[in-house]
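S.K.: My file is upload_31.txt. It has compact mmCIF, C-alpha atoms:
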# COMPACT_ATOMS: atom_id res chain seq x y z
CA SER A 20 175.89 99.10 79.81
CA ASN A 21 172.29 98.34 80.89
CA TYR A 22 169.92 95.43 80.93
CA THR A 23 166.62 95.11 79.12
CA ASP A 24 163.83 92.78 80.27
CA VAL A 25 162.64 90.73 77.26
CA GLY A 26 160.36 88.27 79.01
CA ASP A 27 162.04 85.02 79.97
CA ARG A 28 165.63 86.28 79.77
CA TYR A 29 167.76 89.38 80.01
CA THR A 30 170.01 90.71 77.28
CA GLN A 31 172.96 92.97 77.97
CA VAL A 32 173.18 95.96 75.66
CA GLU A 33 176.78 96.98 75.20
CA ASN A 34 178.16 99.09 72.35
CA GLY A 35 174.98 98.47 70.36
CA MET A 36 175.34 94.68 70.62
CA GLU A 37 172.82 92.34 72.28
CA LEU A 38 174.44 89.51 74.21
CA ASN A 39 172.89 86.60 76.08
CA GLN A 40 173.18 87.42 79.78
CA ILE A 41 172.56 83.81 80.69
CA GLU A 42 175.44 81.79 79.23
CA GLY A 43 174.37 78.82 77.16
CA TYR A 44 170.74 79.97 77.03
CA LYS A 45 169.98 78.30 73.69
CA GLU A 46 171.62 75.08 74.76
CA ASN A 47 169.63 75.06 78.00
CA LYS A 48 166.39 75.56 76.08
CA GLU A 49 167.19 72.58 73.85
CA GLU A 50 167.79 70.45 76.93
CA GLU A 51 164.45 71.61 78.34
CA LYS A 52 162.69 70.46 75.18
CA LYS A 53 164.28 67.02 75.48
CA ASP A 54 163.30 66.82 79.13
CA ASN A 55 159.71 67.71 78.27
CA ASN A 56 159.65 65.04 75.50
CA PRO A 57 161.83 62.21 76.80
CA GLU A 58 162.45 59.21 74.52
CA THR A 59 160.50 56.18 75.64
CA PRO A 60 160.20 52.75 74.01
CA GLU A 61 156.79 53.83 72.72
CA THR A 62 158.08 57.05 71.14
CA VAL A 63 161.02 55.18 69.59
CA ILE A 64 158.64 52.61 68.04
CA LYS A 65 156.36 55.37 66.77
CA SER A 66 159.32 57.17 65.22
CA LYS A 67 160.46 54.00 63.49
CA LYS A 68 156.95 53.32 62.16
CA GLU A 69 156.81 56.79 60.68
CA LYS A 70 160.02 56.06 58.79
CA ILE A 71 158.82 52.69 57.44
CA LYS A 72 158.35 52.73 53.68
CA LYS A 73 154.99 51.86 52.21
CA GLU A 74 154.67 48.15 51.47
CA ILE A 75 154.30 47.16 47.82
CA LYS A 76 152.79 43.82 46.84
CA LYS A 77 153.23 42.75 43.23
CA TYR A 78 150.63 40.47 41.70
CA LYS A 79 150.88 38.81 38.32
CA ILE A 80 147.57 38.88 36.45
CA ILE A 81 147.00 36.97 33.22
CA LEU A 82 144.22 37.38 30.66
CA LEU A 83 142.81 34.42 28.76
CA GLY A 84 140.09 34.19 26.18
CA GLU A 85 139.33 33.60 22.54
CA TYR A 86 141.19 35.58 19.90
CA GLY A 87 139.38 38.87 19.33
CA SER A 88 137.45 38.90 22.62
CA GLY A 89 138.98 42.27 23.50
CA LYS A 90 141.68 41.42 26.04
CA SER A 91 144.20 43.97 24.74
CA SER A 92 141.51 46.65 24.60
CA LEU A 93 140.55 45.95 28.21
CA ILE A 94 144.16 46.33 29.33
CA ASN A 95 144.53 49.56 27.35
CA ARG A 96 141.34 50.93 28.87
CA TYR A 97 142.37 50.04 32.42
CA VAL A 98 146.03 51.10 32.26
CA ASN A 99 145.81 54.10 29.91
CA ASN A 100 142.08 54.90 29.97
CA LYS A 101 142.07 54.75 26.17
CA PHE A 102 140.24 52.77 23.52
CA ASN A 103 141.42 52.17 19.97
CA SER A 104 138.53 51.03 17.80
CA PHE A 105 140.99 50.04 15.08
CA GLY A 106 143.30 48.14 17.40
CA GLN A 107 144.61 44.74 16.36
CA ALA A 108 144.48 41.69 18.57
CA SER A 109 147.78 40.84 20.21
CA ILE A 110 149.91 37.85 19.30
CA GLY A 111 152.26 36.59 21.96
CA PRO A 112 152.77 37.76 25.54
CA GLU A 113 152.20 41.43 26.33
CA GLU A 114 152.77 42.99 29.77
CA GLN A 115 151.72 46.28 31.34
CA SER A 116 151.43 47.40 34.92
CA LYS A 117 149.33 49.64 37.14
CA ASN A 118 149.32 50.44 40.85
CA ILE A 119 146.35 50.36 43.20
CA GLU A 120 146.65 52.39 46.42
CA ILE A 121 144.98 50.20 49.03
CA ASP A 122 145.64 52.47 52.03
CA ASN A 123 148.42 54.55 53.61
CA THR A 124 150.54 51.46 54.22
CA LEU A 125 149.99 49.29 51.16
CA THR A 126 150.19 49.58 47.38
CA VAL A 127 149.37 46.72 45.02
CA GLU A 128 151.21 46.64 41.71
CA LEU A 129 149.38 44.64 39.07
CA SER A 130 151.59 43.10 36.40
CA ILE A 131 149.03 42.47 33.67
CA ASN A 132 149.90 39.85 31.06
CA ASP A 133 147.96 39.19 27.88
CA PHE A 134 148.65 36.12 25.79
CA THR A 135 146.94 35.26 22.53
CA GLU A 136 148.25 32.42 20.46
CA ASP A 137 148.49 32.57 16.70
CA LYS A 138 147.44 29.73 14.45
CA GLN A 139 150.89 28.16 14.53
CA MET A 140 150.89 27.86 18.31
CA LYS A 141 148.97 25.03 19.96
CA LYS A 142 148.46 26.71 23.33
CA PRO A 143 150.12 29.18 25.72
CA VAL A 144 153.22 27.67 27.26
CA LYS A 145 152.85 26.44 30.83
CA THR A 146 155.52 28.87 32.05
CA PHE A 147 153.13 31.71 31.20
CA TYR A 148 151.05 30.67 34.22
CA LYS A 149 154.03 30.47 36.57
CA ASP A 150 153.73 32.65 39.68
CA ALA A 151 150.36 34.04 38.55
CA HIS A 152 148.10 35.29 41.35
CA GLY A 153 144.96 35.99 39.35
CA VAL A 154 143.41 35.33 35.97
CA LEU A 155 140.79 37.24 33.99
CA VAL A 156 138.96 34.98 31.55
CA VAL A 157 137.42 37.15 28.83
CA PHE A 158 134.66 36.33 26.39
CA ASP A 159 132.65 38.40 23.91
CA LEU A 160 129.00 38.91 24.86
CA THR A 161 128.13 39.30 21.18
CA ASN A 162 129.84 36.05 20.18
CA GLU A 163 128.30 32.84 21.48
CA GLN A 164 131.30 30.80 20.37
CA SER A 165 133.62 32.77 22.64
CA PHE A 166 131.34 31.86 25.55
CA LYS A 167 131.59 28.20 24.58
CA GLU A 168 135.38 28.48 24.81
CA LEU A 169 135.13 29.25 28.53
CA LYS A 170 134.97 25.53 29.23
CA SER A 171 138.35 24.84 27.63
CA CYS A 172 139.80 27.95 29.30
CA MET A 173 138.77 26.71 32.73
CA GLU A 174 140.18 23.27 31.99
CA GLU A 175 143.45 24.86 30.95
CA ILE A 176 143.59 26.90 34.15
CA ASN A 177 143.01 23.78 36.25
CA SER A 178 145.79 21.97 34.39
CA ASN A 179 148.44 24.71 34.29
CA ALA A 180 147.81 27.53 36.75
CA PRO A 181 149.00 27.63 40.38
CA GLU A 182 146.53 26.12 42.80
CA ASP A 183 146.07 29.39 44.67
CA ILE A 184 145.09 31.47 41.65
CA VAL A 185 141.98 33.70 41.86
CA ILE A 186 139.63 33.63 38.88
CA CYS A 187 137.43 36.38 37.45
CA ILE A 188 135.29 35.93 34.33
CA LEU A 189 134.56 38.96 32.16
CA GLY A 190 131.86 39.36 29.53
CA ASN A 191 133.23 42.12 27.27
CA LYS A 192 131.38 44.47 24.85
CA SER A 193 128.44 45.07 27.17
CA ASP A 194 127.85 48.35 25.30
CA LEU A 195 126.63 46.43 22.24
CA THR A 196 123.25 45.58 23.75
CA ALA A 197 121.49 45.09 20.40
CA ASP A 198 124.08 42.49 19.34
CA ARG A 199 124.16 40.56 22.57
CA LYS A 200 124.12 36.77 22.21
CA VAL A 201 124.93 35.56 25.75
CA LYS A 202 122.47 36.01 28.61
CA PHE A 203 123.67 37.36 31.94
CA GLU A 204 122.03 34.46 33.79
CA ASP A 205 123.91 31.85 31.73
CA ALA A 206 127.28 33.52 32.21
CA LYS A 207 126.72 34.06 35.93
CA GLU A 208 125.67 30.45 36.37
CA PHE A 209 128.82 29.23 34.68
CA ALA A 210 131.01 31.53 36.79
CA GLY A 211 129.63 29.94 39.95
CA ASP A 212 131.45 31.33 42.99
CA HIS A 213 134.09 33.02 40.87
CA LEU A 214 133.93 36.76 40.27
CA TYR A 215 131.88 37.77 37.23
CA TYR A 216 131.54 41.20 35.61
CA GLU A 217 130.14 42.47 32.34
CA VAL A 218 132.45 45.15 31.01
CA SER A 219 133.03 47.42 28.06
CA ALA A 220 136.51 48.31 26.88
CA LYS A 221 134.90 50.94 24.64
CA ASN A 222 133.17 53.04 27.31
CA GLY A 223 135.10 51.75 30.33
CA ASN A 224 132.06 50.39 32.17
CA ASN A 225 133.11 48.12 35.10
CA VAL A 226 136.69 47.74 33.75
CA SER A 227 138.51 49.31 36.71
CA LEU A 228 136.07 47.63 39.08
CA ALA A 229 136.89 44.18 37.69
CA PHE A 230 140.68 44.58 37.93
CA GLU A 231 140.50 46.11 41.40
CA GLN A 232 138.10 43.52 42.79
CA LEU A 233 140.41 40.79 41.51
CA ALA A 234 143.28 42.47 43.40
CA TYR A 235 141.18 42.71 46.58
CA GLY A 236 140.18 39.07 46.13
CA ILE A 237 143.85 38.06 46.04
CA LEU A 238 144.56 40.14 49.15
CA ASP A 239 141.63 38.60 51.02
CA LYS A 240 142.65 35.07 50.10
CA GLN A 241 146.24 35.69 51.16
CA LYS A 242 145.08 37.00 54.55
CA GLU A 243 142.81 33.99 54.97
CA GLN A 244 145.61 31.66 54.02
CA GLU A 245 147.95 33.30 56.53
CA SER A 246 145.40 32.84 59.31
CA ASN A 247 144.66 29.23 58.26
CA PRO A 248 147.99 27.90 56.92
CA ASN A 249 146.79 24.28 56.83
CA LYS A 250 143.56 25.03 55.01
CA VAL A 251 143.23 24.87 51.24
CA ILE A 252 141.78 28.27 50.40
CA ARG A 253 142.01 28.33 46.64
CA GLY A 254 143.21 26.12 43.85
CA LYS A 255 142.02 22.86 42.39
CA GLU A 256 140.68 21.55 45.71
CA GLY A 257 139.42 24.89 46.94
CA ARG A 258 137.76 26.20 43.79
CA LYS A 259 134.01 26.26 43.89
CA THR A 260 132.41 26.69 40.50
CA THR A 261 129.79 25.14 38.32
CA ASP A 262 130.86 21.69 37.17
CA LEU A 263 132.57 22.03 33.82
CA ASN A 264 130.36 19.36 32.33
CA GLU A 265 127.19 20.94 33.68
CA GLY A 266 127.94 24.66 33.48
CA ILE A 267 127.59 24.79 29.72
CA LYS A 268 125.80 21.52 29.23
CA ASP A 269 124.10 22.67 26.02
CA LEU A 270 127.29 23.94 24.41
CA LYS A 271 129.51 21.88 22.21
CA PRO A 272 133.17 21.49 23.24
CA GLY A 273 135.31 24.15 21.61
CA LYS A 274 138.93 24.43 20.69
CA LYS A 275 141.71 25.14 23.15
CA CYS A 276 141.48 28.43 25.00
CA CYS A 277 143.39 31.46 23.69
What does the file become when written as structure tokens?

M.R.:
Amino acid sequence: SNYTDVGDRYTQVENGMELNQIEGYKENKEEEKKDNNPETPETVIKSKKEKIKKEIKKYKIILLGEYGSGKSSLINRYVNNKFNSFGQASIGPEEQSKNIEIDNTLTVELSINDFTEDKQMKKPVKTFYKDAHGVLVVFDLTNEQSFKELKSCMEEINSNAPEDIVICILGNKSDLTADRKVKFEDAKEFAGDHLYYEVSAKNGNNVSLAFEQLAYGILDKQKEQESNPNKVIRGKEGRKTTDLNEGIKDLKPGKKCC
């Protein structure tokens, strides 16, 4: 038998077999590693944080607007990045979902609900608004009448939606510039402090931006509400928008929204 120097240990060579000369060498090395990286309250907390699953917040979004304003097409463009020029307007509630990755710790899941009444229905049922976090009010930029209906839509939101709902107004069909009937300035004035975007379900312009900014708006309001629990952040008392009687003062009252 002889011994061979292999750096930090010796191995005994006997009958062609290498044996650890120092008994329990591997076990001792494992103990050394633990000693060099002892568990502390900080390392335990860090380890637990690394194992924490990503938080998912689910927000219910509803779309309102006159029949044929393009709500279903906007959802299809945002969720599936597709546009069907021969698509039919929806009748009744329709729900789809899409996730937005906010950062490494948070994902927002948008539950997107479209509701368009048919002629036999007077208005969307109040339960449709239950637990909604945000609403997209859609009108057709090439149809002045659909812009007039914004007034009744806003009244309906004030009457039925949760007080903390976040509102975004969308002027759809911005690609049809030659057929435009509603001026940007008029729509923006009516929107007041609410979000306002001009979008196109056909070419996708501003569609993702509108949905995502609505989600960020909900997040921001929730954070503000958490830091100021006694303050009315949104809702009937907290909404700041053009007065419904003044915002479209030259427009005649329309029928019920949706």

S.K.: Which residue gives the smallest distance to A:Gly87 among A:Glu208, A:Glu174, A:Asp159, A:Asp198, with all atoms listed in the file counted?

M.R.: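 Of A:Glu208, A:Glu174, A:Asp159, A:Asp198, the one nearest A:Gly87 is A:Asp159, counting all atoms listed in the file.
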
S.K.: Looking at A:Glu182, A:Glu74, A:Glu245, A:Glu85, which one is nearest to A:Gln164, with distances taken over only C-alpha atoms?

M.R.: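 Smallest separation from A:Gln164 among the options: A:Glu85.
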
S.K.: In Å to one decimal, how far is atom CA of A:Lys72 from atom CA of A:Gln232?

M.R.: 24.8 Å

S.K.: Just checking: using all atoms listed in the file, which residue out of A:Ser246, A:Val218, A:Glu231, A:Gly190 ends up closest to A:Gly153?

M.R.: A:Glu231

S.K.: Quick one: distance from atom CA of A:Phe166 to atom CA of A:Phe203 in Å, one decimal?

M.R.: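 According to the coordinates, atom CA of A:Phe166 and atom CA of A:Phe203 are separated by 11.4 Å.
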
S.K.: Using all atoms listed in the file, can you tell me which of A:Ala220, A:Leu160, A:Ile176, A:Val154 comes closest to A:Ile94?

M.R.: A:Ala220

S.K.: If I take atom CA of A:Ile131 and atom CA of A:Tyr215, how far is one from the other in Å, to one decimal?

M.R.: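 About the pair atom CA of A:Ile131 and atom CA of A:Tyr215: they are 18.1 Å apart.
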
S.K.: Would you mind listing what lies within 9 Å of stretch 113-129 of chain A as an MDAnalysis selection string, with all atoms listed in the file counted and same-chain residues fewer than 6 positions away left out?

M.R.: chainID A and resid 71:80 91 94:95 97:98 135 230:231 234:235

S.K.: In terms of the shortest atom-to-atom distance over all atoms listed in the file, which of A:Ile81, A:Thr196, A:Ser165, A:Ala210 is closest to A:Tyr148?

M.R.: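 Nearest to A:Tyr148: A:Ile81.
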
S.K.: Point out the residue among A:Leu83, A:Ala197, A:Met173, A:Val156 with the least atom-to-atom distance to A:Asp133, counting all atoms listed in the file.

M.R.: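 Of all the options, A:Leu83 lies closest to A:Asp133.
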